[in-house]
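Chemist: You'll find entry27.txt just under this line, and it carries compact mmCIF, C-alpha atoms and all ligand atoms.
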```
# COMPACT_ATOMS: atom_id res chain seq x y z
CA MET M 1 128.90 158.89 11.86
CA LYS M 2 128.45 157.51 15.36
CA LYS M 3 130.19 154.18 15.94
CA VAL M 4 127.91 151.65 17.61
CA SER M 5 128.34 148.46 19.61
CA VAL M 6 126.54 145.17 18.87
CA GLN M 7 125.77 142.83 21.72
CA CYS M 8 124.21 139.38 21.82
CA ARG M 9 122.85 138.39 25.20
CA ASN M 10 121.97 134.73 25.80
CA ILE M 11 120.66 134.31 22.27
CA ARG M 12 119.01 131.04 21.39
CA LEU M 13 117.54 130.14 18.04
CA ALA M 14 115.99 126.86 16.95
CA TYR M 15 114.59 125.71 13.63
CA GLY M 16 111.78 123.45 14.82
CA SER M 17 113.28 121.23 17.47
CA THR M 18 116.86 121.74 16.26
CA GLU M 19 118.72 124.32 18.30
CA VAL M 20 121.13 126.11 15.97
CA LEU M 21 122.36 128.94 18.23
CA LYS M 22 122.91 127.93 21.84
CA ASN M 23 123.15 130.77 24.32
CA VAL M 24 125.31 133.08 22.22
CA ASN M 25 126.95 135.98 24.03
CA LEU M 26 129.06 138.49 22.13
CA ASP M 27 130.25 142.03 22.78
CA ILE M 28 131.29 143.70 19.56
CA GLN M 29 132.92 147.08 20.12
CA PRO M 30 132.06 150.27 18.23
CA GLY M 31 134.04 150.44 14.99
CA GLU M 32 135.40 146.94 15.35
CA PHE M 33 136.11 144.58 12.43
CA PHE M 34 134.79 141.38 13.95
CA ALA M 35 134.92 137.93 12.31
CA LEU M 36 132.59 135.01 12.94
CA LEU M 37 134.65 131.95 12.13
CA GLY M 38 133.54 128.34 12.13
CA PRO M 39 133.05 125.26 9.99
CA SER M 40 130.11 124.89 7.65
CA GLY M 41 126.87 124.44 9.59
CA SER M 42 128.18 125.97 12.82
CA GLY M 43 125.54 128.73 12.77
CA LYS M 44 127.52 131.71 11.43
CA SER M 45 125.04 132.75 8.74
CA THR M 46 122.12 132.15 11.06
CA LEU M 47 123.65 134.56 13.56
CA LEU M 48 124.43 137.15 10.88
CA ARG M 49 120.90 136.93 9.45
CA LEU M 50 119.54 137.28 12.96
CA ILE M 51 121.46 140.54 13.41
CA ALA M 52 120.09 141.70 10.04
CA GLY M 53 116.56 140.78 11.13
CA PHE M 54 115.90 137.96 8.64
CA ASN M 55 115.92 135.37 11.43
CA LYS M 56 114.22 135.80 14.78
CA HIS M 57 115.64 134.38 18.00
CA GLN M 58 113.35 132.76 20.54
CA HIS M 59 115.36 133.79 23.56
CA GLY M 60 117.80 136.53 24.52
CA GLU M 61 118.49 140.08 23.44
CA LEU M 62 120.17 141.74 20.49
CA LEU M 63 121.43 145.20 21.37
CA VAL M 64 122.76 147.78 18.92
CA ASP M 65 124.16 150.88 20.60
CA GLY M 66 122.57 149.58 23.79
CA HIS M 67 119.03 149.34 22.36
CA ASP M 68 117.24 146.02 21.95
CA ILE M 69 116.32 145.78 18.27
CA GLY M 70 115.18 142.14 18.40
CA GLN M 71 111.59 143.04 17.54
CA GLN M 72 112.42 145.32 14.63
CA GLU M 73 111.91 144.25 11.02
CA PRO M 74 114.99 144.22 8.75
CA TRP M 75 114.07 147.51 7.03
CA GLU M 76 113.61 149.22 10.39
CA ARG M 77 117.17 148.37 11.40
CA ASN M 78 120.01 150.60 10.35
CA ILE M 79 122.06 147.62 9.23
CA GLY M 80 123.52 146.84 5.82
CA MET M 81 124.28 143.35 4.61
CA VAL M 82 126.41 142.15 1.71
CA PHE M 83 125.39 138.68 0.60
CA GLN M 84 127.71 135.96 -0.60
CA SER M 85 126.02 136.03 -4.02
CA TYR M 86 126.21 139.89 -4.18
CA ALA M 87 122.54 139.82 -5.36
CA LEU M 88 123.05 142.64 -7.88
CA TRP M 89 120.19 143.50 -10.24
CA PRO M 90 121.42 142.21 -13.63
CA HIS M 91 119.22 144.56 -15.70
CA LEU M 92 120.31 147.72 -13.86
CA SER M 93 123.51 149.67 -14.41
CA VAL M 94 126.13 149.86 -11.70
CA TRP M 95 124.94 153.38 -10.88
CA ASP M 96 121.28 152.28 -10.57
CA ASN M 97 122.24 149.26 -8.49
CA VAL M 98 124.03 151.53 -6.03
CA ALA M 99 121.21 154.12 -6.13
CA PHE M 100 118.52 151.48 -5.49
CA GLY M 101 118.33 151.77 -1.69
CA LEU M 102 118.27 155.57 -1.83
CA VAL M 103 115.49 155.60 -4.44
CA GLU M 104 113.46 153.32 -2.17
CA ARG M 105 114.06 155.74 0.68
CA LYS M 106 112.83 158.57 -1.56
CA VAL M 107 116.00 160.60 -1.15
CA ASP M 108 115.98 163.87 -3.15
CA LYS M 109 117.79 163.85 -6.48
CA ARG M 110 120.76 166.02 -5.57
CA THR M 111 121.53 164.05 -2.41
CA LEU M 112 121.16 160.83 -4.37
CA GLN M 113 123.61 162.00 -7.04
CA ALA M 114 126.14 163.06 -4.44
CA LYS M 115 125.86 159.88 -2.35
CA VAL M 116 126.01 157.41 -5.24
CA SER M 117 128.95 159.25 -6.69
CA ALA M 118 130.76 159.24 -3.33
CA ALA M 119 130.06 155.51 -2.78
CA LEU M 120 131.35 154.58 -6.25
CA ASP M 121 134.38 156.73 -5.66
CA LEU M 122 135.04 155.00 -2.36
CA VAL M 123 135.19 151.58 -4.00
CA GLY M 124 137.14 152.85 -7.03
CA LEU M 125 134.35 152.37 -9.58
CA SER M 126 133.56 155.95 -10.59
CA ALA M 127 134.28 155.17 -14.23
CA PHE M 128 132.01 152.11 -14.30
CA GLY M 129 128.61 153.63 -13.46
CA GLN M 130 127.04 152.87 -16.83
CA ARG M 131 128.14 149.25 -17.05
CA LYS M 132 125.89 146.30 -16.30
CA PRO M 133 127.01 143.79 -13.63
CA ASN M 134 127.82 141.15 -16.27
CA GLN M 135 130.36 143.55 -17.80
CA LEU M 136 132.36 143.55 -14.57
CA SER M 137 134.91 141.18 -13.07
CA GLY M 138 134.08 139.27 -9.88
CA GLY M 139 136.08 141.71 -7.78
CA GLN M 140 134.31 144.69 -9.33
CA GLN M 141 130.90 143.11 -8.73
CA GLN M 142 131.94 142.61 -5.13
CA ARG M 143 132.75 146.33 -4.89
CA VAL M 144 129.37 147.29 -6.37
CA ALA M 145 127.68 145.14 -3.73
CA LEU M 146 129.70 146.96 -1.07
CA ALA M 147 128.95 150.40 -2.52
CA ARG M 148 125.24 149.57 -2.68
CA THR M 149 125.28 148.68 1.01
CA ILE M 150 127.39 151.54 2.36
CA VAL M 151 125.52 154.17 0.34
CA ILE M 152 122.62 153.95 2.78
CA GLU M 153 125.07 154.70 5.61
CA PRO M 154 124.21 151.80 7.88
CA GLN M 155 125.41 151.81 11.48
CA VAL M 156 126.49 148.19 11.18
CA LEU M 157 127.88 146.39 8.15
CA LEU M 158 127.34 142.62 7.83
CA LEU M 159 129.37 140.60 5.34
CA ASP M 160 128.42 136.98 4.62
CA GLU M 161 131.45 135.21 3.11
CA PRO M 162 131.92 138.23 0.83
CA LEU M 163 135.10 136.96 -0.80
CA SER M 164 134.28 133.30 -1.32
CA ASN M 165 133.35 133.75 -5.00
CA LEU M 166 136.73 135.22 -5.87
CA ASP M 167 139.91 133.42 -6.84
CA LYS M 168 142.73 133.22 -4.31
CA THR M 169 144.82 136.18 -5.57
CA LEU M 170 141.83 138.48 -5.81
CA ARG M 171 140.57 137.33 -2.42
CA VAL M 172 143.84 138.34 -0.79
CA GLN M 173 143.75 141.73 -2.54
CA MET M 174 140.07 142.34 -1.78
CA ARG M 175 140.37 141.53 1.90
CA GLN M 176 142.97 144.27 2.23
CA GLU M 177 140.72 146.68 0.33
CA LEU M 178 137.79 145.71 2.52
CA LEU M 179 139.78 146.35 5.65
CA ALA M 180 141.05 149.71 4.36
CA LEU M 181 137.49 150.73 3.48
CA GLN M 182 136.21 149.63 6.87
CA ARG M 183 138.92 151.66 8.59
CA ARG M 184 138.08 154.75 6.53
CA LEU M 185 134.37 154.47 7.30
CA GLY M 186 134.91 153.37 10.91
CA ILE M 187 131.75 151.30 10.66
CA THR M 188 131.20 148.37 13.04
CA THR M 189 131.59 145.36 10.74
CA ILE M 190 130.76 141.70 11.27
CA PHE M 191 132.30 139.37 8.78
CA VAL M 192 131.37 135.69 8.37
CA THR M 193 133.97 133.28 7.07
CA HIS M 194 134.97 129.65 7.27
CA ASP M 195 138.49 130.60 6.17
CA GLN M 196 140.71 131.06 9.19
CA GLU M 197 143.40 132.85 7.21
CA GLU M 198 140.84 135.42 6.09
CA ALA M 199 139.68 135.97 9.66
CA MET M 200 143.21 136.10 11.07
CA THR M 201 144.48 138.63 8.54
CA THR M 202 141.59 141.08 8.76
CA ALA M 203 139.77 140.87 12.07
CA ASP M 204 140.44 142.99 15.15
CA ARG M 205 138.82 140.18 17.10
CA MET M 206 136.96 137.05 16.21
CA ALA M 207 134.60 134.47 17.63
CA VAL M 208 135.00 130.79 16.82
CA LEU M 209 131.69 128.94 16.59
CA ASP M 210 131.10 125.20 16.68
CA GLN M 211 127.64 123.66 16.61
CA GLY M 212 125.98 126.91 17.60
CA VAL M 213 128.22 127.49 20.59
CA VAL M 214 130.77 130.31 20.84
CA GLN M 215 133.97 128.48 21.72
CA GLN M 216 136.26 131.47 22.19
CA VAL M 217 136.43 135.19 21.49
CA GLY M 218 139.66 137.12 21.15
CA SER M 219 142.23 138.71 18.88
CA PRO M 220 143.68 136.46 16.16
CA ALA M 221 146.94 136.18 18.11
CA GLU M 222 145.13 135.24 21.34
CA LEU M 223 143.18 132.50 19.63
CA TYR M 224 146.24 131.22 17.83
CA ASP M 225 148.58 131.23 20.83
CA GLU M 226 146.18 130.39 23.64
CA PRO M 227 143.28 128.35 22.30
CA VAL M 228 140.96 127.33 25.13
CA ASN M 229 140.17 123.89 23.77
CA ALA M 230 141.16 121.33 21.17
CA PHE M 231 138.48 122.51 18.72
CA VAL M 232 139.83 126.07 18.56
CA ALA M 233 143.42 124.81 18.49
CA ASN M 234 142.64 122.68 15.45
CA PHE M 235 140.44 125.15 13.66
CA VAL M 236 142.69 128.20 13.97
CA GLY M 237 145.93 127.23 12.27
CA THR M 238 147.47 123.79 12.11
CA MET M 239 148.12 121.83 15.27
CA ASN M 240 149.74 118.51 16.11
CA MET M 241 147.47 116.71 18.56
CA LEU M 242 148.78 113.70 20.43
CA ASP M 243 146.84 111.59 22.90
CA ALA M 244 148.71 111.20 26.14
CA MET M 245 148.27 110.02 29.70
CA VAL M 246 149.69 111.70 32.79
CA LEU M 247 152.20 109.48 34.55
CA SER M 248 153.14 111.98 37.24
CA GLN M 249 153.25 115.66 38.00
CA HIS M 250 156.04 117.08 40.11
CA SER M 251 156.74 120.65 41.00
CA ASP M 252 159.01 121.25 38.04
CA ASN M 253 157.87 118.77 35.45
CA LEU M 254 155.02 116.74 34.07
CA VAL M 255 155.71 113.23 32.85
CA LEU M 256 153.44 111.99 30.08
CA ASP M 257 153.05 108.74 28.23
CA VAL M 258 152.47 110.03 24.71
CA LYS M 259 150.66 107.46 22.61
CA GLY M 260 152.90 105.95 19.95
CA VAL M 261 155.89 108.09 20.95
CA GLY M 262 156.65 107.14 24.52
CA GLU M 263 157.51 108.98 27.68
CA MET M 264 157.89 112.74 27.46
CA THR M 265 158.88 115.04 30.28
CA ILE M 266 157.65 118.57 29.94
CA PRO M 267 159.39 121.11 32.12
CA VAL M 268 157.34 123.70 34.00
CA PRO M 269 156.44 126.54 33.96
CA LEU M 270 153.95 125.32 31.42
CA LYS M 271 150.92 127.29 30.38
CA VAL M 272 148.65 125.00 32.35
CA SER M 273 145.89 126.55 34.38
CA ARG M 274 145.16 123.38 36.29
CA LEU M 275 146.67 120.45 38.07
CA TYR M 276 146.82 117.16 36.25
CA VAL M 277 146.40 113.86 38.04
CA LYS M 278 147.98 110.49 37.43
CA ASP M 279 146.27 108.42 34.70
CA GLN M 280 144.41 111.41 33.34
CA HIS M 281 143.97 111.48 29.57
CA VAL M 282 145.12 114.68 27.89
CA GLN M 283 145.89 115.96 24.44
CA LEU M 284 149.33 117.37 23.91
CA SER M 285 149.47 119.93 21.14
CA PHE M 286 152.00 122.10 19.38
CA ARG M 287 152.25 124.02 16.11
CA PRO M 288 154.33 122.65 13.21
CA HIS M 289 156.72 125.60 13.40
CA ALA M 290 157.41 124.96 17.10
CA VAL M 291 159.56 122.09 15.89
CA THR M 292 163.05 122.66 14.54
CA VAL M 293 164.19 120.22 11.92
CA ASP M 294 167.76 119.05 12.14
CA THR M 295 169.09 116.43 9.76
CA LYS M 296 172.03 115.70 12.04
CA SER M 297 171.46 114.18 15.45
CA GLY M 298 172.56 116.25 18.39
CA PRO M 299 172.31 116.24 22.17
CA ASP M 300 169.04 117.36 23.69
CA GLY M 301 169.03 120.96 24.83
CA GLU M 302 167.72 121.95 28.22
CA ARG M 303 164.60 123.75 27.08
CA THR M 304 163.73 121.54 24.14
CA ILE M 305 162.36 118.06 23.74
CA GLY M 306 164.17 115.86 21.28
CA MET M 307 162.46 113.33 19.02
CA GLN M 308 163.78 111.11 16.26
CA GLY M 309 161.80 110.47 13.11
CA ASN M 310 161.78 109.93 9.37
CA VAL M 311 160.31 112.02 6.55
CA GLU M 312 157.05 110.41 5.51
CA ALA M 313 155.65 113.08 3.16
CA SER M 314 156.40 116.64 2.18
CA GLU M 315 154.65 119.63 0.66
CA PHE M 316 156.50 122.64 -0.69
CA MET M 317 154.38 125.67 0.13
CA GLY M 318 156.58 128.57 -1.03
CA GLU M 319 157.65 130.27 2.16
CA LEU M 320 157.99 126.95 3.91
CA THR M 321 158.04 123.20 3.42
CA ARG M 322 155.65 121.19 5.52
CA TYR M 323 156.80 117.67 6.37
CA ARG M 324 154.93 114.72 7.78
CA VAL M 325 157.43 113.04 10.06
CA ARG M 326 156.94 109.56 11.45
CA VAL M 327 157.84 109.51 15.15
CA GLY M 328 157.11 106.17 16.75
CA THR M 329 153.64 105.31 15.50
CA GLN M 330 152.62 108.99 15.29
CA SER M 331 152.77 111.20 12.24
CA LEU M 332 153.69 114.80 13.08
CA SER M 333 153.35 117.94 11.02
CA VAL M 334 156.49 120.07 11.11
CA GLU M 335 157.67 123.05 9.07
CA GLN M 336 160.97 124.23 7.78
CA ALA M 337 161.35 127.81 6.58
CA HIS M 338 162.37 127.84 2.93
CA TYR M 339 165.11 129.78 1.19
CA ALA M 340 166.29 129.58 -2.40
CA GLY M 341 168.56 126.61 -2.97
CA LEU M 342 167.26 124.56 -0.04
CA SER M 343 165.99 121.34 -1.51
CA LYS M 344 163.24 119.18 -0.11
CA LEU M 345 164.38 116.33 2.11
CA PRO M 346 163.85 112.96 0.41
CA LEU M 347 161.30 110.55 1.86
CA GLY M 348 162.76 108.38 4.59
CA THR M 349 165.42 110.94 5.63
CA PRO M 350 166.17 110.49 9.33
CA LEU M 351 165.53 113.65 11.30
CA SER M 352 166.19 114.99 14.74
CA LEU M 353 163.34 117.17 15.89
CA ARG M 354 163.51 119.69 18.70
CA LEU M 355 160.29 120.84 20.21
CA SER M 356 160.32 124.04 22.17
CA SER M 357 158.61 123.18 25.45
CA SER M 358 157.13 126.65 25.95
CA GLN M 359 155.04 126.06 22.83
CA ILE M 360 153.28 122.96 24.12
CA ARG M 361 149.63 123.21 25.10
CA LEU M 362 147.70 120.56 26.99
CA PHE M 363 143.98 119.97 26.75
CA ALA M 364 142.03 117.79 29.12
CA VAL M 365 139.89 115.19 27.37
P1 LIG M 401 127.05 128.24 8.67
O1 LIG M 401 126.73 129.62 8.18
O2 LIG M 401 127.99 128.24 9.81
O3 LIG M 401 127.48 127.31 7.58
P2 LIG M 401 124.20 128.05 9.08
O4 LIG M 401 123.90 129.17 10.00
O5 LIG M 401 123.90 128.26 7.64
O6 LIG M 401 125.72 127.61 9.28
O7 LIG M 401 123.43 126.74 9.56
C1 LIG M 401 123.49 126.26 10.88
C2 LIG M 401 122.60 125.03 10.99
O8 LIG M 401 121.25 125.42 10.85
C3 LIG M 401 122.88 123.98 9.95
O9 LIG M 401 122.78 122.71 10.56
C4 LIG M 401 121.76 124.18 8.95
O10 LIG M 401 121.44 122.98 8.33
C5 LIG M 401 120.62 124.68 9.82
N1 LIG M 401 119.71 125.59 9.10
C6 LIG M 401 120.05 126.75 8.49
N2 LIG M 401 118.97 127.36 7.97
C7 LIG M 401 117.90 126.57 8.26
C8 LIG M 401 116.49 126.65 8.01
N3 LIG M 401 115.95 127.70 7.35
N4 LIG M 401 115.72 125.64 8.45
C9 LIG M 401 116.25 124.60 9.14
N5 LIG M 401 117.55 124.47 9.42
C10 LIG M 401 118.38 125.43 8.98
```
For this file, produce the structure as structure tokens.

Modeler:
Amino acid sequence: MKKVSVQCRNIRLAYGSTEVLKNVNLDIQPGEFFALLGPSGSGKSTLLRLIAGFNKHQHGELLVDGHDIGQQEPWERNIGMVFQSYALWPHLSVWDNVAFGLVERKVDKRTLQAKVSAALDLVGLSAFGQRKPNQLSGGQQQRVALARTIVIEPQVLLLDEPLSNLDKTLRVQMRQELLALQRRLGITTIFVTHDQEEAMTTADRMAVLDQGVVQQVGSPAELYDEPVNAFVANFVGTMNMLDAMVLSQHSDNLVLDVKGVGEMTIPVPLKVSRLYVKDQHVQLSFRPHAVTVDTKSGPDGERTIGMQGNVEASEFMGELTRYRVRVGTQSLSVEQAHYAGLSKLPLGTPLSLRLSSSQIRLFAV
């Protein structure tokens, strides 16, 4: 099957006077597994439904394989969508649910048999054809919904929060299955989720949406390591965000007054794409794991920034323990990798923290 691209060009969509998608531009590559990530209400489903043809934009172009399909009705588009609710027919068997789209398309019987059988095989449900949806687990129902969509061989597969009805363990398993299936079919897939872990672990690239605006597009690692603004930094992964004011910028360092912590000198080269001016307000950010926890005090290293604090709260998370550490009047999130036998630090424990300066990001405010 030919792999196709999906492009949004200056797409705007409003419900009445409320603009929900504001000049959306996206270039989704042929065969790509692309995630739309954003908080609830950011416009993800609206955009997905627009690609499917259930919503119509007022401005811009929607191109599939280079052709503008904006005026086509949903059934005229060669696009398959899996809904969050699966929307299986409860009175039909698994086989008939999967066959439904082919029956509607009046496909001859032999082709229908072969295609339904192949689709069920692909999702590992060959033995379940005669069951009704209510005789299946959540994960199996999810696979029927997938089989029903891929059986019509769409050029583009749209998935609207397809795993949100499953429990955590199954969700992790199903997202790997989904990815493996997508790779086997090579079908351009757009996946909506509000779960950043889900997007990070599966997507080739992703777009982060906030209030109908695409904030950033890139690979999971690009968005995680080089977020373009504070919204993306906070939404993708966990970030410490500290308000600060620029005291001075010299050739080899930037001196900041970090609110509640005090003066902090950040050595350059820093990943700053701009010059900062005295008295400018900025947000200083770093990931919890950029901080090394040391229960003994030690001298500051050259490339690290030292801070003193006390354990304020802790959460054991399996592979790591996340601490809230009081530094000045700020509360920082820091992580310590866990190994068997390492016990949680009691509340109040004094800590020396070392922050790796190369991991600091600054955002203008
Ligand atoms: P998400 O999928 O990111 O949660 P949605 O695309 O569902 O967001 O919704 C984006 C915004 O559009 C929300 O503010 C929502 O209330 C609004 N919205 C969605 N559907 C409609 C509709 N049919 N009529 C009016 N407003 C809508």

Chemist: Using only C-alpha atoms and all ligand atoms for the distances, tell me which of M:Asp279, M:Asp257, M:Asp195, M:Glu315 is nearest to ligand LIG 401 (chain M).

Modeler: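 Under the stated criterion, the closest residue is M:Asp195.
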
Chemist: For CA of Val64 in chain M and atom N1 of ligand LIG 401 (chain M), determine how far apart the two atoms are, in Å to one decimal place.

Modeler: 24.5 Å

Chemist: Which is closer to Arg9 in chain M than all the others in M:Pro350, M:Pro74, M:Gly66, M:Gly306, using all atoms listed in the file?

Modeler: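 Of the candidates, the smallest distance to Arg9 in chain M is held by M:Gly66.
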
Chemist: May I have the residues within 9 Å of ligand LIG 401 (chain M), computed using only C-alpha atoms and all ligand atoms, as a PyMOL selection string?

Modeler: chain M and resi 14-16+18-21+36-49+55+160-161+192-194+209-212

Chemist: Quick check, in Å to one decimal: how far apart do CA of Leu62 in chain M and CA of Val6 in chain M lie?

Modeler: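 Taking CA of Leu62 in chain M as the start and CA of Val6 in chain M as the end point, the length is 7.4 Å.
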
Chemist: Using only C-alpha atoms for the distances, tell me which of M:Gln84, M:Gly262, M:Phe363, M:Met317 is nearest to Val232 in chain M.

Modeler: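 Looking only at the distances to Val232 in chain M, the closest residue turns out to be M:Phe363.
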
Chemist: Considering all atoms listed in the file, can you say which of M:Gln140, M:Phe191, M:Arg205, M:Gln182 comes closest to Asn165 in chain M?

Modeler: M:Gln140

Chemist: Under the rule that all atoms listed in the file are counted, which of M:Leu353, M:Leu256, M:Val325, M:Val172 is the nearest residue to Ala290 in chain M?

Modeler: M:Leu353

Chemist: Would you work out the distance separating CA of Arg143 in chain M from CA of Gln113 in chain M, expressed in Å to one decimal?

Modeler: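 A separation of 18.3 Å between them.
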
Chemist: Taking only C-alpha atoms into account, name the residue in M:His67, M:Arg354, M:Arg324, M:His338 that is nearest to Val291 in chain M.

Modeler: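 Closest residue, counting only C-alpha atoms: M:Arg354.
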
Chemist: Taking 5 positions as the minimum chain separation for residues in the same chain, which residues sit within 7 Å of range 233-248 of chain M when counting all atoms listed in the file? Answer as a list in words.

Modeler: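 Counting only the stated atoms, we get Gln196, Tyr224, Pro227, Leu254, Val255, Leu256, Asp257, Val258, Lys259, Val277, Lys278, Asp279, Gln280, His281, Val282, Gln283, Leu284, Ser285, Phe286, Arg287, Pro288, Leu332 and Ser333 of chain M.
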